[in-house]
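Some notes on the structure that comes next.
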Amino acid sequence: MNDLLKEEQELFKYESAIYEKMRKIAGKLNTRIIEPIVRIKLVDGKSGAVKLARQHHSHSFVRNMYVNVTIAPTLQVEGTLYADGHLRTWRLEDSLGQSIIQDLTPESLGGGFYAAVDDDHHGILVGRDATAESFDDFELGNLVTDGSGPNQLEYIQMTKSESWVGGSSYYESTWTRALDNGSGSPVTIYETGLFYDDTGISHLITRDIDAGGVAVPDGDRLYVEYEIRTSFP
Amino acid sequence: MQIKSLQDDKILSMLEGQEEYELYKEMLYLRSQLISPPPFTIPFFSCESLDKEGRVEDKREGLMHTWLRNYSNMFAMLCCGLEGSSTTFAAGHVNSKNTAGVVADSGDAIRFDDIDGAFGEDTVGIVIGRGAAAYSYEDFVLDSLIDHGTGANQMLHYDMFDHVQTWDGGIRQWTSVMKRYFVNRSGGAIGVTEAGILNNNQILMSRDVVSPTVNIDNDKACRVTYTTVSGIWPT
């Protein structure tokens with residue numbers, strides 16, 4: 001194991017312990033804590049061997065998520081901008097969101113985080129831009145589109161699991177996306193994002209940068225997974 | 001992403017003198033140890049009796065402890081991208097239960113909604129009651145709802161016009177205030193012992209036990225206020 005990976009694992013353990021303590025306190029303060037985790041796995045296309053497996057906490061809930069949490073109890077928006085002093089969401093289509101990002105059927109294909117095969121507009125998406133995360137991000141810097149051309153990956157339909165972890169008082173959902181490289185050349189991923197679809201409109205929730213990049217060789221499969229844990233009292 | 005100085009946190013000053021003050025300080029410290037702290041809000045509650053001139057005669061206030069299972073479930077469904085998981089309204093399941101006792105079917109949607117509460121509406125918005133039941137996390141109705149009207153044990157429910165959200169750019173926090181006035185024209189005193197928030201989907205999200213009772217004499221008013229303050233936003 002290289003030093004960087006070891007450091008990442010230690011940070012994951014450290015932050016996990018902090019979240020665990022925060023959940024206990026949050027129950028007494030009548031608030032809820034959201035813990036987002038990103039996992040990346042690279043699998044050899046021929047042998048199925050795992051070449052790389054990493055996990056860390058998502059470090060970049062964007063303004064959309066903050067707005068959502070703030071207005072959730074009442075659905076009352078404020079202002080007209082995706083900026084300080086306003087409580088409005090911003091769409092991937094580069095326009096103002098109308099209200100809370102809350103799909104009525106989030107587990108239907110194309111709703112919530114649940115994206116279909118070939119869909120490079122919803123759910124978990126990846127990109128090739130290493131520009132640092134910004135609180136005001138609403139899109140990836142350089143989206144890898146679906147396909148088998150240069151710098152493209154094939155987006156597979158997402159999968160979901162959910163469970164209640166009573167011992168730690170949280171409910172979690174885990175959303176996974178597989179991406180196959182059939183482009184004929186390696187594609188290096190520097191950014192991942194989780195998008196929530198609300199009635200056909202996609203909104204970025206979190207964007208995560210891997211400055212070192214993950215090179216996906218031709219023929220291999222990349223898995224990107226987001227787990228979201230929400231605390232209960 | 002950066003978080004500003006914790007010393008300026010508005011919630012700290014609102015909790016001063018309360019038992020939760022040290023707990024919140026600890027949570028702030030923990031939050032500061034994360035590379036990217038998650039968003040959250042802290043809710044406060046007050047119930048006051050007012051004389052004819054609007055002066056406060058009696059008041060209960062403090063941290064609101066009472067987001068119910070309904071709220072927890074809907075919040076989890078929102079953040080996790082989930083629909084209802086079953087019709088069992090208990091730990092390990094996410095769904096919502098309306099005031100008629102109906103649990104949303106498996107596969108049903110999240111039921112966050114507006115909280116309007118127009119004049120005369122006693123089944124939506126901030127509502128109050130006279131029940132004596134202790135708080136339970138599983139509550140989905142008030143124990144004994146005070147109806148709109150001027151009959152015995154009824155109060156006039158006014159429009160919830162006073163819903164204000166303000167941004168403090170210096171501290172980078174949002175404050176959201178919801179208020180509702182209830183006027184007693186019943187001819188006798190009414191003791192208010194509980195209050196809650198009912199959204200337009202008939203989902204009770206909170207139930208606060210008002211103790212000791214706030215008594216509202218005839219021709220006087222009750223004002224219930226819910227204030228939600230966000231944790232400091234990043235830059």
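Please note that chains go A, B, ... in the order of the structure tokens, that every chain numbers its residues from 1, and that ligands are numbered from 1 in the order shown.
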
Kindly assemble as a Markdown table a list of the chain A residues that lie within 8 Å of chain B, each paired with its nearest atom pair and their distance in Å to one decimal, using only C-alpha atoms, sorted first by chain and then by ascending residue number.
```
| residue | atom | partner | partner_atom | distance |
| --- | --- | --- | --- | --- |
| A:Glu15 | CA | B:Leu34 | CA | 6.4 |
| A:Ile18 | CA | B:Leu30 | CA | 6.1 |
| A:Lys21 | CA | B:Leu30 | CA | 7.9 |
| A:Met22 | CA | B:Met27 | CA | 6.0 |
| A:Ile25 | CA | B:Leu23 | CA | 6.6 |
| A:Ala26 | CA | B:Met27 | CA | 7.7 |
| A:Lys28 | CA | B:His65 | CA | 7.4 |
| A:Leu29 | CA | B:His65 | CA | 6.8 |
| A:Asn30 | CA | B:His65 | CA | 5.3 |
| A:Thr31 | CA | B:Ile42 | CA | 5.7 |
| A:Arg32 | CA | B:Phe40 | CA | 6.5 |
| A:Ile33 | CA | B:Phe40 | CA | 6.6 |
| A:Ile34 | CA | B:Pro38 | CA | 6.2 |
| A:Glu35 | CA | B:Pro38 | CA | 7.2 |
| A:Ser58 | CA | B:Ser36 | CA | 7.7 |
| A:His59 | CA | B:Ser36 | CA | 4.7 |
| A:Ser60 | CA | B:Ser36 | CA | 6.0 |
| A:Phe61 | CA | B:Pro38 | CA | 7.1 |
| A:Met65 | CA | B:Pro39 | CA | 7.6 |
| A:Tyr66 | CA | B:Pro39 | CA | 5.5 |
| A:Val69 | CA | B:Phe40 | CA | 6.6 |
| A:Thr70 | CA | B:Thr41 | CA | 6.6 |
| A:Ala72 | CA | B:Phe112 | CA | 6.9 |
| A:Pro73 | CA | B:Phe112 | CA | 6.8 |
| A:Thr74 | CA | B:Asp114 | CA | 5.3 |
| A:Leu75 | CA | B:Asp114 | CA | 5.6 |
| A:Gln76 | CA | B:Asp114 | CA | 7.3 |
| A:Glu78 | CA | B:Gln165 | CA | 7.4 |
| A:Asp84 | CA | B:Gly169 | CA | 7.3 |
| A:Gly85 | CA | B:Trp167 | CA | 5.2 |
| A:His86 | CA | B:Trp167 | CA | 7.8 |
| A:Gln102 | CA | B:Leu78 | CA | 6.4 |
| A:Asp103 | CA | B:Ala109 | CA | 7.8 |
| A:Leu104 | CA | B:Ala109 | CA | 4.9 |
| A:Thr105 | CA | B:Ala109 | CA | 5.7 |
| A:Pro106 | CA | B:Gly81 | CA | 5.7 |
| A:Glu107 | CA | B:Leu82 | CA | 6.1 |
| A:Gly112 | CA | B:Gly81 | CA | 5.4 |
| A:Phe113 | CA | B:Gly81 | CA | 6.1 |
| A:Glu133 | CA | B:Met1 | CA | 7.8 |
| A:Ser134 | CA | B:Met1 | CA | 7.0 |
| A:Phe135 | CA | B:Thr235 | CA | 6.5 |
| A:Ser163 | CA | B:Gly92 | CA | 7.4 |
| A:Trp164 | CA | B:Gly92 | CA | 4.9 |
| A:Val165 | CA | B:Gly92 | CA | 7.7 |
| A:Gly166 | CA | B:Gly92 | CA | 7.2 |
| A:Tyr171 | CA | B:Ala76 | CA | 6.9 |
| A:Glu172 | CA | B:Cys80 | CA | 6.7 |
| A:Ser173 | CA | B:Cys80 | CA | 5.5 |
| A:Tyr196 | CA | B:Gly81 | CA | 7.7 |
| A:Ile228 | CA | B:Cys80 | CA | 5.7 |
| A:Arg229 | CA | B:Cys80 | CA | 7.3 |
| A:Thr230 | CA | B:Ala76 | CA | 5.5 |
| A:Ser231 | CA | B:Ala76 | CA | 7.8 |
| A:Phe232 | CA | B:Ser72 | CA | 6.4 |
```

Output file for the selection above: C-alpha atoms, as a PDB file, in the first residue's frame:
```
ATOM      1  CA  GLU A  15     -13.679  11.382   9.785  1.00  0.00           C
ATOM      2  CA  ILE A  18     -16.160  12.261  14.016  1.00  0.00           C
ATOM      3  CA  LYS A  21     -19.835  11.344  17.582  1.00  0.00           C
ATOM      4  CA  MET A  22     -21.760  14.061  15.762  1.00  0.00           C
ATOM      5  CA  ILE A  25     -24.934  14.794  19.763  1.00  0.00           C
ATOM      6  CA  ALA A  26     -27.252  15.675  16.878  1.00  0.00           C
ATOM      7  CA  LYS A  28     -29.970  15.607  21.545  1.00  0.00           C
ATOM      8  CA  LEU A  29     -29.918  18.861  19.577  1.00  0.00           C
ATOM      9  CA  ASN A  30     -32.787  17.726  17.362  1.00  0.00           C
ATOM     10  CA  THR A  31     -30.861  18.079  14.162  1.00  0.00           C
ATOM     11  CA  ARG A  32     -29.859  15.544  11.518  1.00  0.00           C
ATOM     12  CA  ILE A  33     -26.374  14.816  10.179  1.00  0.00           C
ATOM     13  CA  ILE A  34     -25.692  13.743   6.601  1.00  0.00           C
ATOM     14  CA  GLU A  35     -22.538  11.715   5.993  1.00  0.00           C
ATOM     15  CA  SER A  58     -17.252  13.388  -0.041  1.00  0.00           C
ATOM     16  CA  HIS A  59     -15.696  16.754   0.619  1.00  0.00           C
ATOM     17  CA  SER A  60     -17.854  19.060  -1.338  1.00  0.00           C
ATOM     18  CA  PHE A  61     -21.575  19.328  -0.818  1.00  0.00           C
ATOM     19  CA  MET A  65     -27.445  20.661  -0.989  1.00  0.00           C
ATOM     20  CA  TYR A  66     -27.223  23.450   1.579  1.00  0.00           C
ATOM     21  CA  VAL A  69     -31.462  21.087   3.750  1.00  0.00           C
ATOM     22  CA  THR A  70     -32.300  24.640   4.807  1.00  0.00           C
ATOM     23  CA  ALA A  72     -36.737  21.192   3.553  1.00  0.00           C
ATOM     24  CA  PRO A  73     -39.206  21.773   6.420  1.00  0.00           C
ATOM     25  CA  THR A  74     -41.167  24.528   4.678  1.00  0.00           C
ATOM     26  CA  LEU A  75     -40.217  24.481   0.962  1.00  0.00           C
ATOM     27  CA  GLN A  76     -39.967  28.279   1.070  1.00  0.00           C
ATOM     28  CA  GLU A  78     -35.896  33.156  -1.255  1.00  0.00           C
ATOM     29  CA  ASP A  84     -25.308  34.160  -0.930  1.00  0.00           C
ATOM     30  CA  GLY A  85     -28.477  35.696   0.445  1.00  0.00           C
ATOM     31  CA  HIS A  86     -30.716  33.599  -1.799  1.00  0.00           C
ATOM     32  CA  GLN A 102     -37.402  16.651  -4.305  1.00  0.00           C
ATOM     33  CA  ASP A 103     -38.453  14.161  -6.937  1.00  0.00           C
ATOM     34  CA  LEU A 104     -41.822  12.528  -6.377  1.00  0.00           C
ATOM     35  CA  THR A 105     -40.584   9.157  -7.616  1.00  0.00           C
ATOM     36  CA  PRO A 106     -36.857   9.151  -6.896  1.00  0.00           C
ATOM     37  CA  GLU A 107     -36.535   5.398  -7.333  1.00  0.00           C
ATOM     38  CA  GLY A 112     -33.640  11.053  -8.045  1.00  0.00           C
ATOM     39  CA  PHE A 113     -30.144   9.556  -8.287  1.00  0.00           C
ATOM     40  CA  GLU A 133     -14.238  22.062  -5.889  1.00  0.00           C
ATOM     41  CA  SER A 134     -16.248  25.225  -5.401  1.00  0.00           C
ATOM     42  CA  PHE A 135     -19.259  25.726  -3.177  1.00  0.00           C
ATOM     43  CA  SER A 163     -30.369  -0.234   4.922  1.00  0.00           C
ATOM     44  CA  TRP A 164     -30.981   0.804   8.484  1.00  0.00           C
ATOM     45  CA  VAL A 165     -27.929   0.662  10.737  1.00  0.00           C
ATOM     46  CA  GLY A 166     -29.565   0.690  14.141  1.00  0.00           C
ATOM     47  CA  TYR A 171     -30.380   5.130   7.410  1.00  0.00           C
ATOM     48  CA  GLU A 172     -28.240   4.827   4.324  1.00  0.00           C
ATOM     49  CA  SER A 173     -28.581   4.491   0.598  1.00  0.00           C
ATOM     50  CA  TYR A 196     -30.314  14.447  -8.325  1.00  0.00           C
ATOM     51  CA  ILE A 228     -25.314   8.760   1.985  1.00  0.00           C
ATOM     52  CA  ARG A 229     -26.007   8.235   5.680  1.00  0.00           C
ATOM     53  CA  THR A 230     -28.680  10.286   7.426  1.00  0.00           C
ATOM     54  CA  SER A 231     -28.815  10.273  11.213  1.00  0.00           C
ATOM     55  CA  PHE A 232     -31.811   9.473  13.384  1.00  0.00           C
TER      56      PHE A 232
END
```

Hey, what's within 6 Å of Asp44 in chain A if we count only C-alpha atoms and toss same-chain stuff fewer than 4 positions away? As a list in words, please?
Gly48, Ala49 and Asp220 of chain A

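Checking A:Leu52, A:Glu227, A:Lys160, A:Trp90 one by one against Asn2 in chain A, counting only C-alpha atoms, you find the shortest gap at A:Leu52.
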
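Of the residues in range 45-192 of chain A, those that DSSP places in alpha helix (DSSP H) on the basis of the backbone are Arg63, Asn64, Met65, Tyr66, Val67, Asn68, Val69, Thr70 and Ile71 of chain A.
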
Which polymer residues have any atom within 7 Å of an atom of Asp136 in chain A, counting only C-alpha atoms, with same-chain residues fewer than 2 positions away left out, as a PyMOL selection string?
chain A and resi 62-63+134+138

Selected residues, C-alpha atoms, written as a PDB file, in the first residue's frame, please.
```pdb
ATOM      1  CA  VAL A  62     -22.365  22.262  -3.078  1.00  0.00           C
ATOM      2  CA  ARG A  63     -24.781  25.146  -2.508  1.00  0.00           C
ATOM      3  CA  SER A 134     -16.248  25.225  -5.401  1.00  0.00           C
ATOM      4  CA  PHE A 138     -23.471  23.105 -10.442  1.00  0.00           C
TER       5      PHE A 138
END
```

Give me every strand (DSSP E) residue in range 40-124 of chain A, going by DSSP on the backbone, as a VMD selection string.
chain A and resid 40 to 43 50 to 57 123 to 124

Between B:Val102, B:Leu156, B:Val209, B:Met14, which is the closest to Asn70 in chain B once you count only C-alpha atoms?
B:Val102

Identify, on the basis of only C-alpha atoms, every residue whose closest approach to Gly187 in chain B does not exceed 12 Å; exclude the query and any residue fewer than 5 positions from it along the same chain; express the result as an MDAnalysis selection string.
chainID B and resid 149:155 216:220

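Picture a line from CA of Asp122 in chain B to CA of Phe182 in chain B; it runs 10.3 Å.
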
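The interatomic distance for the pair CA of Gln9 in chain A and CA of Ile40 in chain A works out to 12.9 Å.
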
Considering only C-alpha atoms, return as a VMD selection string whatever protein or nucleic-acid residues lie within 10 Å of Glu139 in chain A, sequence-local ones (same chain, fewer than 3 positions apart) excluded.
chain A and resid 90 to 94 125 127 136 142 to 143 193 to 195 202 to 207

Could those residues be written to a file, using C-alpha atoms, as a PDB file, in the first residue's frame?
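Done, and the output landed in again_31.pdb:
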```pdb
ATOM      1  CA  TRP A  90     -29.396  25.741  -9.753  1.00  0.00           C
ATOM      2  CA  ARG A  91     -29.931  23.228 -12.526  1.00  0.00           C
ATOM      3  CA  LEU A  92     -27.354  21.435 -14.616  1.00  0.00           C
ATOM      4  CA  GLU A  93     -29.061  23.102 -17.569  1.00  0.00           C
ATOM      5  CA  ASP A  94     -27.701  26.407 -16.216  1.00  0.00           C
ATOM      6  CA  LEU A 125     -21.231  11.250 -13.550  1.00  0.00           C
ATOM      7  CA  GLY A 127     -15.199  14.085 -15.592  1.00  0.00           C
ATOM      8  CA  ASP A 136     -21.030  27.216  -6.208  1.00  0.00           C
ATOM      9  CA  ASN A 142     -15.239  18.494 -18.120  1.00  0.00           C
ATOM     10  CA  LEU A 143     -17.890  15.797 -18.343  1.00  0.00           C
ATOM     11  CA  GLY A 193     -20.351  14.149  -9.158  1.00  0.00           C
ATOM     12  CA  LEU A 194     -23.685  13.068  -7.760  1.00  0.00           C
ATOM     13  CA  PHE A 195     -26.710  14.572  -9.512  1.00  0.00           C
ATOM     14  CA  SER A 202     -30.650  17.394 -13.028  1.00  0.00           C
ATOM     15  CA  HIS A 203     -29.026  19.131 -10.043  1.00  0.00           C
ATOM     16  CA  LEU A 204     -25.484  18.680  -8.756  1.00  0.00           C
ATOM     17  CA  ILE A 205     -25.393  17.724  -5.066  1.00  0.00           C
ATOM     18  CA  THR A 206     -21.713  17.052  -4.538  1.00  0.00           C
ATOM     19  CA  ARG A 207     -18.566  17.232  -6.682  1.00  0.00           C
TER      20      ARG A 207
END
```
